[in-house]
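Taking it in order: structure first as structure tokens, then the write-up.
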Amino acid sequence: MLLTLQNKILEMIAKGQPLAEVVDFLCRSVEDMADDIVCSVLLLDDENRLRHLSGPSLPLEYAQAIDGIQIGPGVGSCGTAAYNGAPVIVTDIATHAFWVPYKGLVLPLGLKACWSTPIIGSGKVLGTFGFYYRNTRGPSAVEHNLVAASVHLCAIAIERDQRLAERRKLAETDGLTGLPNRSRFNETITEIARREQNWALVLLDLDNLKMVNDTFGHAAGDDLIRTAGLRIAERCDPGMAFRLGGDEFAIIVPCLAETDLDRLAEDLIAAIKSPADCSGHLIYPKATLGGARADRELSPDQVRQNADYALYHAKESARGQFVEYVPGLGSAIFERFRAVREVDQALRDDRIDAHYQPVIELSTGRILGFESLCRMTAPDGRLIEAAQFYEAMKDAHVGIEITNRMLERITRDGGQWAREGLAFSRIGFNLTAADFHRGRLTERIASACKDNGMAPSMIVAEVTESVYLTQKDGVVADEIRRLRNLGIKVALDDFGTGFASLTHLLTVPVDILKIDRRFVQRLFDAGGGSVITQGLLDIAEGLGMWVIAEGIEEEQQAEHLLGLDCKGGQGYFFSRPLHRDRALQLLREGGGYHPGWKDFVESRFGRRCYG
């Protein structure tokens, strides 16, 4: 009979049946084979506490009462056996010192003696196998054989379960941080949603991981991720912080009744931004957070999507802060996602290209150069202006990819035109905040110029006021200085639409001011558009900067700006943005001049403006 039981237990273990089911079957079978006994199996956890595994004939109340007891000498039969690693036989619970604290639990159950044997595997105690007797007695010879076989089977089953648990843990653990990984996150969020109604999810991205990797190497980047993971885990419920991959972490807040979401976010931001030693470099980590609350109407996937929307919005408008999802936020971001997908596909299909709008010297009609403007060709052949996919360009990845594409095209075209000896000075192209924060902007421009045979001094880097004014960390200012030191001209685009521009120009000077089209459109308004424009021109002249007026659509506007001594202008009056072939034709046929405006200047002013 014992051999049959052994074979059955080994078969159950081999088939991978749950540990509790295997041991429970063993206990029931042993109780059927021996008279006057009640069987119990306890596991020993990492904190040296006994945990109930099986006791099919023990009342649930008793199992719960002894669950979690710390082992030690004199702690009942099982606690002492586990502590000493040797069997403990107590023939009379009522009188034995080991049972003084616990006999009030067991004697009312009619159990009068207890024999506990440690379950040992791989040289350590895994748990205990116990016989409770209904009479005051010790084990028989038959019971010794039965327990020896049972302890051996338990050790096999427990060790296999622990190996499986370890493999499962490794499969669900991020190797770099030790946090649960994306797989475990997916399981946990499903469990929480099934169990709780009032919970939340926070997603967290590190803002400066790429910069650290590029500047100090991936060893420093790995240290940054490890440090962030440790700091996040310290401020969350155990097992509720996850690394999803890259620089993205997730925090599940299982009970909002006990946790203030805004306070948790503040604590996380404060903890993460403390200086960190990353591979010998002092790094100041930065993080942006987005969160969403759950309710009974939302699935875990919907909560995750809302948190994604909030994080995306935070990275675009509140970097370094926490944004919580509110209804309606998803609609605007969905439109941006759609636009991002379309532009990303256009980049892969090579449907993103540069068009060129000439910049004219107003006093002569000479073509000073061009502003390159991004255009996307739709699958049906329509040409789409950048303004129609502006939302997509707010995405850092898309913005950088478009910058790379435009830089490659304009340096290739400009290099070719320069080799032909065509008369033009420079080509301008627009930069975003992401271009500056990606790092090594000046080096990337210089490299593209070198690859395509175009001098860096023929480039104009155009920076909008929104980028120029709102960056408080010095990154933009430092990069502007590097650009100018290389000979690249820097233009402040949309000038006049921001605030405190003049103060900034004293500390971070540029070469060219481009007056926003709204001032040009109001040159003849009673509101003083012409007076403001004249003031801007006087300031620029005093600072030694060129001024180019944008959005000139009428001859009268161009003539008035010429009278104000504005140096340059561009707009539909002179030319719409041109495909490279048309721009090349304009340079070749016009001899470096805009034919229409050159003729106008000569007819109106003669040749005095050429000297």
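Identifiers in this document derive from the order of the structure tokens: chains are assigned A, B, ..., residues are numbered from 1 separately in each chain, and ligands are numbered from 1 in order of occurrence.
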Step one, run DSSP on the backbone; step two, keep only residues of region 35-256 of chain A assigned to helix (DSSP H, G or I); then write them as a ChimeraX atom specification. /A:60-66,76-84,97-99,103-109,141-171,182-195,209-216,218-234
Identify which of the residues A:Asp516, A:Glu196, A:Glu408, A:Glu462 lies closest to Ala446 (chain A), counting only C-alpha atoms when measuring atom-to-atom distances. A:Glu408
Option closest in space to Met458 (chain A), from A:Gly428, A:Gly535, A:Gly474, A:Gly439 [counting only C-alpha atoms]: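 Result for the nearest residue to Met458 (chain A): A:Gly428.
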Please list as a VMD selection string every residue within 6 Å of region 52-54 of chain A, counting only C-alpha atoms and excluding residues in the same chain fewer than 4 positions away. chain A and resid 24 40 to 42 67
Every residue of region 52-223 of chain A that DSSP places in strand (DSSP E or B), as a PyMOL selection string: chain A and resi 52-54+69-70+88-90+113-121+124-133+173+180+200-206
Show which residues sit within 12 Å of region 401-405 of chain A, as number ranges by chain. Count only C-alpha atoms, and ignore same-chain residues fewer than 2 positions away. A: 340, 343-348, 350-354, 372-376, 386, 389-390, 392-399, 407-412, 429-436, 438, 441, 444-445, 447-448, 461-462
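Separating CA of Pro456 (chain A) from CA of Phe573 (chain A) is a distance of 29.2 Å.
Residue nearest Gly421 (chain A) within the list A:Ala250, A:Val326, A:Gly592, A:Glu479: A:Gly592 [criterion: smallest interatomic distance, only C-alpha atoms].
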Tell me, as an MDAnalysis selection string, which residues lie within 10 Å of Leu19 (chain A), counting only C-alpha atoms; anything in the same chain fewer than 4 positions away does not count. chainID A and resid 12:13 23:25 53:54 154 157:162
Between A:Leu298, A:Val476, A:Leu146, A:Val38, which has the minimum distance to Phe131 (chain A) (counting only C-alpha atoms)?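 Counting only C-alpha atoms, the residue closest to Phe131 (chain A) is A:Val38.
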Can you work out which one of A:His504, A:Arg182, A:His313, A:Arg195 has the shortest atom-to-atom distance to Thr288 (chain A), counting only C-alpha atoms?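 The closest residue to Thr288 (chain A) is A:His313.
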Report as a PyMOL selection string all protein, DNA and RNA residues lying within 12 Å of Leu561 (chain A), evaluated on only C-alpha atoms, omitting residues in the same chain fewer than 2 positions from it. chain A and resi 361-363+515+519-524+529-531+533-534+536-537+547-552+554-559+563-570
Determine the nearest neighbour of Glu465 (chain A) from the options A:Ala241, A:Leu505, A:Cys39, A:Ile156, counting only C-alpha atoms.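 So, comparing all the options, the nearest one is A:Leu505.
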Å distance separating CA of Gly590 (chain A) from CA of Lys450 (chain A), one decimal place: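 Pair CA of Gly590 (chain A) / CA of Lys450 (chain A) returns 28.2 Å.
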Could you check how far CA of Ala271 (chain A) sits from CA of Leu206 (chain A), in Å to one decimal?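 Computed distance, CA of Ala271 (chain A) to CA of Leu206 (chain A), equals 12.7 Å.
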